[in-house]
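A.B. asks: Take this structure, written in C-alpha cells, and hold onto it; I'll ask about it next.
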Amino acid sequence: MSAHTRKKIQKKLKIRGYGLKIEALEEILSFVDRFPDAEDEAVDLLLDQLEHESLKSSIIDGELVHRVISLLLEAEGATEEDPSLASNHSGLRVIDAFLVPKFLYDPIKKQFYQHPGSLPIHGEASAKAALYRDRLLLLFQRVSRDQHFSKSSFDAETSEFGSCEISTIQSLVGQRGRKWVMGVISQLEDGHFYLEDLTASVITCGFPPLENRDKSLKLLVGHDFFGGGTLTKEETLRLADLEKRAMNDMFVILSDIWLDNEEKIMGKLELVLNGFESQEVVPSLFVFMGNFCSKPCNLSFHSFSSLRQQFGKLGQKIADHPRLKEHSRFLFIPGPDDAGPSTVLPRCALPKYLTEELQKYIPNAIFSSNPCRFRSLND
C-alpha cells in the first residue's frame, strides 16, 4: 500500500477527530486493499460504521477496527459463497414517470426545492412556457458556478475578455462595452433567430461551458432527482461490487408483443421463454413493451375484454416456466397505441382492467409508465 494512501486515511480520520494506533492503521489498509477501485468509498464506509460504535476514546485501536471490518465483510461473504445470489436475490425498484420528484431552481435563494403536490396528467397552457423557463434556470445555475462566469469577491485574475459575469439582457439597455448574457435560442420571426432570456433578447450566440458529472453530484447531494431514493456510501460501494461480479446477469427487452397474433408473435415468444428457461442463470428482468395489440386501442376499438383474456394467456404462458417465474421479474410498459388517457409522453401504466388476469399467474409483475426508470438494489 502506497504512502499516499496512508496519508489519505490518516487525513480522513483527523477530519473526523480520530487518532489511530499502528495496528488499527494496518487493519484499515488491509480492508481498503480489497477495493482498489474504490478506496475513498471503502474508507468512508468504515468510518461511518465506526461512528455507530461506543468509543471510549478518540484514539482507535486495532481490536475495534477488526471487529467493525468483520461485520462489513460478513455481508460480502454471503454473496461470495454463491455469485448467483447477487442476481437471484436482487431487488428491483421501478420508478413511474408520474412519481419522479420534480425539483425547481430558485434564482434568488440559489437552491433547489421540490415541487409541492402532484402534477396532472394533462398540462395547462402555461406548462409549455414553464418547461423552457425551468430548463433555462437549470442551466443558469450550472453556468453561474463556473469560475469564468462567477463574480469574485476579491481582485482575482480575469480572462482576456475581462469580467465574464452573466448579465440579464434587459440590463444591457444604456450600457457600453462587452457583456455576457445567457438564454435560449428562439425564432420570433421567419429567418431570424434570437437569444432570449427571461427579460429580453439579442442576436449574437455562443455556447456555455461544460460541468462534469462528479462535480454536479457533489453540489446536488441530498436531492433525489432520479426518484429511486438517495444511496448511502455503503449502498453505493455494495452495488459497485455486485456489478463487477454479476457477469452473467442480463435484462431481456422485447417490444411489439401483439397478443392477438397467437400464431406468429406468441409462438416466437414461447421459443424465447423456453430458451431462457433452460439457461444456467436466468435473466433478472424481462421488459415487455407495447404495442400489445396489432390494432390501435382508440375509441373505435371494441375488443378490450378479448385483450384482457389475452393478457391472462400471456401470464399463464410465463407461469409454465417455473424458473423464470421464480427468479425473474416482468416489467410491462405501454406502447404508443395501447389503452390510456392520451397518446402523448409520458404515458400512464396499462389499465388494471387489462392486467388483472395476468397478475393472477404472475403476482409480482410490474406495470409502469412509458418512460419509466428502474434501479437494481440488493436486498
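Residue numbers start at 1 in each chain; chains themselves are named A, B, ... in the order of the C-alpha cells; ligands are numbered from 1 in the order shown.
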Hey, what's within 8 Å of segment 331-341 of chain A if we count only C-alpha atoms and toss same-chain stuff fewer than 6 positions away? As a PyMOL selection string, please?
C.D. replies: chain A and resi 256+285-293+295-298+347-351+365-371
A.B. asks: Those residues you just picked out, can you put them in a file as an mmCIF file, in the first residue's frame with N, CA, C and O atoms?
C.D. replies:
data_model
loop_
_atom_site.group_PDB
_atom_site.id
_atom_site.type_symbol
_atom_site.label_atom_id
_atom_site.label_comp_id
_atom_site.auth_asym_id
_atom_site.auth_seq_id
_atom_site.Cartn_x
_atom_site.Cartn_y
_atom_site.Cartn_z
ATOM 1 N N ASP A 256 -43.389 -4.682 -29.101
ATOM 2 C CA ASP A 256 -44.455 -5.052 -30.038
ATOM 3 C C ASP A 256 -44.915 -6.491 -29.816
ATOM 4 O O ASP A 256 -44.919 -7.315 -30.734
ATOM 5 N N LEU A 285 -34.484 -9.645 -15.375
ATOM 6 C CA LEU A 285 -35.635 -8.823 -15.742
ATOM 7 C C LEU A 285 -36.014 -9.048 -17.205
ATOM 8 O O LEU A 285 -35.146 -9.084 -18.080
ATOM 9 N N PHE A 286 -37.310 -9.206 -17.432
ATOM 10 C CA PHE A 286 -37.881 -9.177 -18.773
ATOM 11 C C PHE A 286 -38.688 -7.884 -18.895
ATOM 12 O O PHE A 286 -39.552 -7.607 -18.061
ATOM 13 N N VAL A 287 -38.383 -7.103 -19.926
ATOM 14 C CA VAL A 287 -39.138 -5.874 -20.193
ATOM 15 C C VAL A 287 -39.997 -6.109 -21.433
ATOM 16 O O VAL A 287 -39.469 -6.301 -22.531
ATOM 17 N N PHE A 288 -41.308 -6.125 -21.255
ATOM 18 C CA PHE A 288 -42.250 -6.290 -22.359
ATOM 19 C C PHE A 288 -42.834 -4.916 -22.690
ATOM 20 O O PHE A 288 -43.562 -4.335 -21.886
ATOM 21 N N MET A 289 -42.517 -4.422 -23.882
ATOM 22 C CA MET A 289 -43.001 -3.106 -24.299
ATOM 23 C C MET A 289 -44.056 -3.256 -25.391
ATOM 24 O O MET A 289 -43.964 -4.142 -26.242
ATOM 25 N N GLY A 290 -45.073 -2.389 -25.362
ATOM 26 C CA GLY A 290 -46.112 -2.422 -26.372
ATOM 27 C C GLY A 290 -45.624 -1.903 -27.716
ATOM 28 O O GLY A 290 -44.454 -1.537 -27.856
ATOM 29 N N ASN A 291 -46.470 -1.942 -28.691
ATOM 30 C CA ASN A 291 -47.906 -2.158 -28.513
ATOM 31 C C ASN A 291 -48.221 -3.630 -28.201
ATOM 32 O O ASN A 291 -47.549 -4.533 -28.698
ATOM 33 N N PHE A 292 -49.288 -3.846 -27.427
ATOM 34 C CA PHE A 292 -49.703 -5.201 -27.086
ATOM 35 C C PHE A 292 -50.864 -5.676 -27.950
ATOM 36 O O PHE A 292 -51.416 -6.750 -27.700
ATOM 37 N N CYS A 293 -51.217 -4.900 -28.929
ATOM 38 C CA CYS A 293 -52.279 -5.285 -29.856
ATOM 39 C C CYS A 293 -51.921 -4.762 -31.245
ATOM 40 O O CYS A 293 -51.321 -3.686 -31.374
ATOM 41 N N LYS A 295 -53.869 -3.674 -33.412
ATOM 42 C CA LYS A 295 -54.747 -2.572 -33.774
ATOM 43 C C LYS A 295 -54.700 -1.507 -32.680
ATOM 44 O O LYS A 295 -54.596 -1.835 -31.491
ATOM 45 N N PRO A 296 -54.749 -0.222 -33.033
ATOM 46 C CA PRO A 296 -54.738 0.837 -32.022
ATOM 47 C C PRO A 296 -55.925 0.724 -31.068
ATOM 48 O O PRO A 296 -57.059 0.497 -31.497
ATOM 49 N N CYS A 297 -55.639 0.892 -29.791
ATOM 50 C CA CYS A 297 -56.702 0.828 -28.772
ATOM 51 C C CYS A 297 -57.298 2.222 -28.588
ATOM 52 O O CYS A 297 -57.161 2.843 -27.516
ATOM 53 N N ASN A 298 -57.975 2.714 -29.627
ATOM 54 C CA ASN A 298 -58.588 4.039 -29.576
ATOM 55 C C ASN A 298 -60.105 3.915 -29.383
ATOM 56 O O ASN A 298 -60.606 2.866 -28.972
ATOM 57 N N ARG A 347 -46.677 8.266 -20.774
ATOM 58 C CA ARG A 347 -47.940 7.532 -20.817
ATOM 59 C C ARG A 347 -48.151 6.791 -19.503
ATOM 60 O O ARG A 347 -47.211 6.258 -18.911
ATOM 61 N N CYS A 348 -49.385 6.750 -19.070
ATOM 62 C CA CYS A 348 -49.711 6.029 -17.840
ATOM 63 C C CYS A 348 -49.544 4.523 -18.036
ATOM 64 O O CYS A 348 -49.512 4.021 -19.160
ATOM 65 N N ALA A 349 -49.438 3.811 -16.919
ATOM 66 C CA ALA A 349 -49.339 2.352 -16.969
ATOM 67 C C ALA A 349 -50.616 1.760 -17.559
ATOM 68 O O ALA A 349 -51.664 2.407 -17.613
ATOM 69 N N LEU A 350 -50.537 0.526 -18.020
ATOM 70 C CA LEU A 350 -51.696 -0.153 -18.588
ATOM 71 C C LEU A 350 -52.836 -0.206 -17.577
ATOM 72 O O LEU A 350 -52.593 -0.396 -16.371
ATOM 73 N N PRO A 351 -54.070 -0.042 -18.015
ATOM 74 C CA PRO A 351 -55.212 -0.076 -17.084
ATOM 75 C C PRO A 351 -55.286 -1.407 -16.337
ATOM 76 O O PRO A 351 -54.991 -2.467 -16.898
ATOM 77 N N ALA A 365 -45.650 -9.183 -11.145
ATOM 78 C CA ALA A 365 -45.474 -8.438 -12.389
ATOM 79 C C ALA A 365 -45.592 -6.940 -12.107
ATOM 80 O O ALA A 365 -46.361 -6.506 -11.251
ATOM 81 N N ILE A 366 -44.811 -6.146 -12.854
ATOM 82 C CA ILE A 366 -44.767 -4.702 -12.646
ATOM 83 C C ILE A 366 -45.343 -4.004 -13.875
ATOM 84 O O ILE A 366 -44.947 -4.299 -15.002
ATOM 85 N N PHE A 367 -46.264 -3.083 -13.657
ATOM 86 C CA PHE A 367 -46.848 -2.306 -14.745
ATOM 87 C C PHE A 367 -46.549 -0.835 -14.474
ATOM 88 O O PHE A 367 -47.014 -0.281 -13.478
ATOM 89 N N SER A 368 -45.769 -0.239 -15.364
ATOM 90 C CA SER A 368 -45.317 1.131 -15.118
ATOM 91 C C SER A 368 -45.556 2.004 -16.335
ATOM 92 O O SER A 368 -46.070 1.559 -17.362
ATOM 93 N N SER A 369 -45.172 3.273 -16.198
ATOM 94 C CA SER A 369 -45.396 4.270 -17.241
ATOM 95 C C SER A 369 -44.360 4.136 -18.361
ATOM 96 O O SER A 369 -43.369 3.420 -18.235
ATOM 97 N N ASN A 370 -44.612 4.846 -19.426
ATOM 98 C CA ASN A 370 -43.662 4.954 -20.530
ATOM 99 C C ASN A 370 -43.367 6.437 -20.759
ATOM 100 O O ASN A 370 -44.260 7.193 -21.146
ATOM 101 N N PRO A 371 -42.129 6.885 -20.454
ATOM 102 C CA PRO A 371 -40.995 6.089 -19.984
ATOM 103 C C PRO A 371 -41.052 5.888 -18.469
ATOM 104 O O PRO A 371 -41.842 6.526 -17.775
#
A.B. asks: Which polymer residues have any atom within 9 Å of an atom of Arg373 of chain A, counting only C-alpha atoms, with same-chain residues fewer than 6 positions away left out, as a list in words?
C.D. replies: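 Skipping anything fewer than 6 positions along the chain leaves Arg93, Val94, Ile95, Asp96, Ala97, Val100, Phe226, Gly227 and Gly228 of chain A.
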A.B. asks: As a VMD selection string, please: every residue in segment 59-307 of chain A that a backbone DSSP assignment puts in alpha helix (DSSP H).
C.D. replies: chain A and resid 62 to 80 85 to 88 127 to 143 213 to 219 233 to 245 267 to 277 304 to 307
A.B. asks: Quick one: distance from atom CA of Gln111 of chain A to atom CA of Leu99 of chain A in Å, one decimal?
C.D. replies: 21.8 Å
A.B. asks: Mind pulling up the distance from atom CA of Ala240 of chain A to atom CA of Gly19 of chain A?
C.D. replies: 29.3 Å
A.B. asks: How would you write, as a list in words, the set of residues in segment 127-307 of chain A that DSSP gives as strand (DSSP E)?
C.D. replies: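 After running DSSP on the backbone, segment 127-307 of chain A has strand (DSSP E) at Val184, Ile185, Ser186, Gln187, Leu188, Glu189, His192, Phe193, Tyr194, Leu195, Glu196, Ser201, Val202, Phe251, Val252, Ile253, Leu254, Ser255, Leu285, Phe286, Val287, Phe288 and Met289 of chain A.
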A.B. asks: Which neighbours of segment 265-269 of chain A fall inside 10 Å, counting only C-alpha atoms, when residues of the same chain fewer than 5 positions from it are skipped, and could you give them as a PyMOL selection string?
C.D. replies: chain A and resi 254+256-260+274-275+313-314+317-318
A.B. asks: When you look at segment 212-215 of chain A with a cut-off of 12 Å (counting only C-alpha atoms), what residues show up, excluding the ones that are within fewer than 5 positions of it in the same chain? I need them as an mmCIF file with N, CA and C atoms, in the first residue's frame.
C.D. replies:
data_model
loop_
_atom_site.group_PDB
_atom_site.id
_atom_site.type_symbol
_atom_site.label_atom_id
_atom_site.label_comp_id
_atom_site.auth_asym_id
_atom_site.auth_seq_id
_atom_site.Cartn_x
_atom_site.Cartn_y
_atom_site.Cartn_z
ATOM 1 N N ARG A 142 -25.915 26.120 -13.280
ATOM 2 C CA ARG A 142 -24.671 25.391 -13.541
ATOM 3 C C ARG A 142 -23.593 26.319 -14.086
ATOM 4 N N VAL A 143 -23.970 27.200 -15.031
ATOM 5 C CA VAL A 143 -23.005 28.129 -15.612
ATOM 6 C C VAL A 143 -22.503 29.115 -14.566
ATOM 7 N N ARG A 145 -21.860 28.715 -11.610
ATOM 8 C CA ARG A 145 -20.845 28.140 -10.720
ATOM 9 C C ARG A 145 -19.463 28.086 -11.367
ATOM 10 N N ASP A 146 -19.415 28.212 -12.685
ATOM 11 C CA ASP A 146 -18.137 28.165 -13.379
ATOM 12 C C ASP A 146 -17.275 29.370 -12.981
ATOM 13 N N LEU A 220 -25.119 18.720 -5.655
ATOM 14 C CA LEU A 220 -26.547 18.446 -5.534
ATOM 15 C C LEU A 220 -26.819 17.292 -4.581
ATOM 16 N N VAL A 221 -25.888 17.005 -3.703
ATOM 17 C CA VAL A 221 -26.047 15.881 -2.788
ATOM 18 C C VAL A 221 -27.284 16.080 -1.910
#
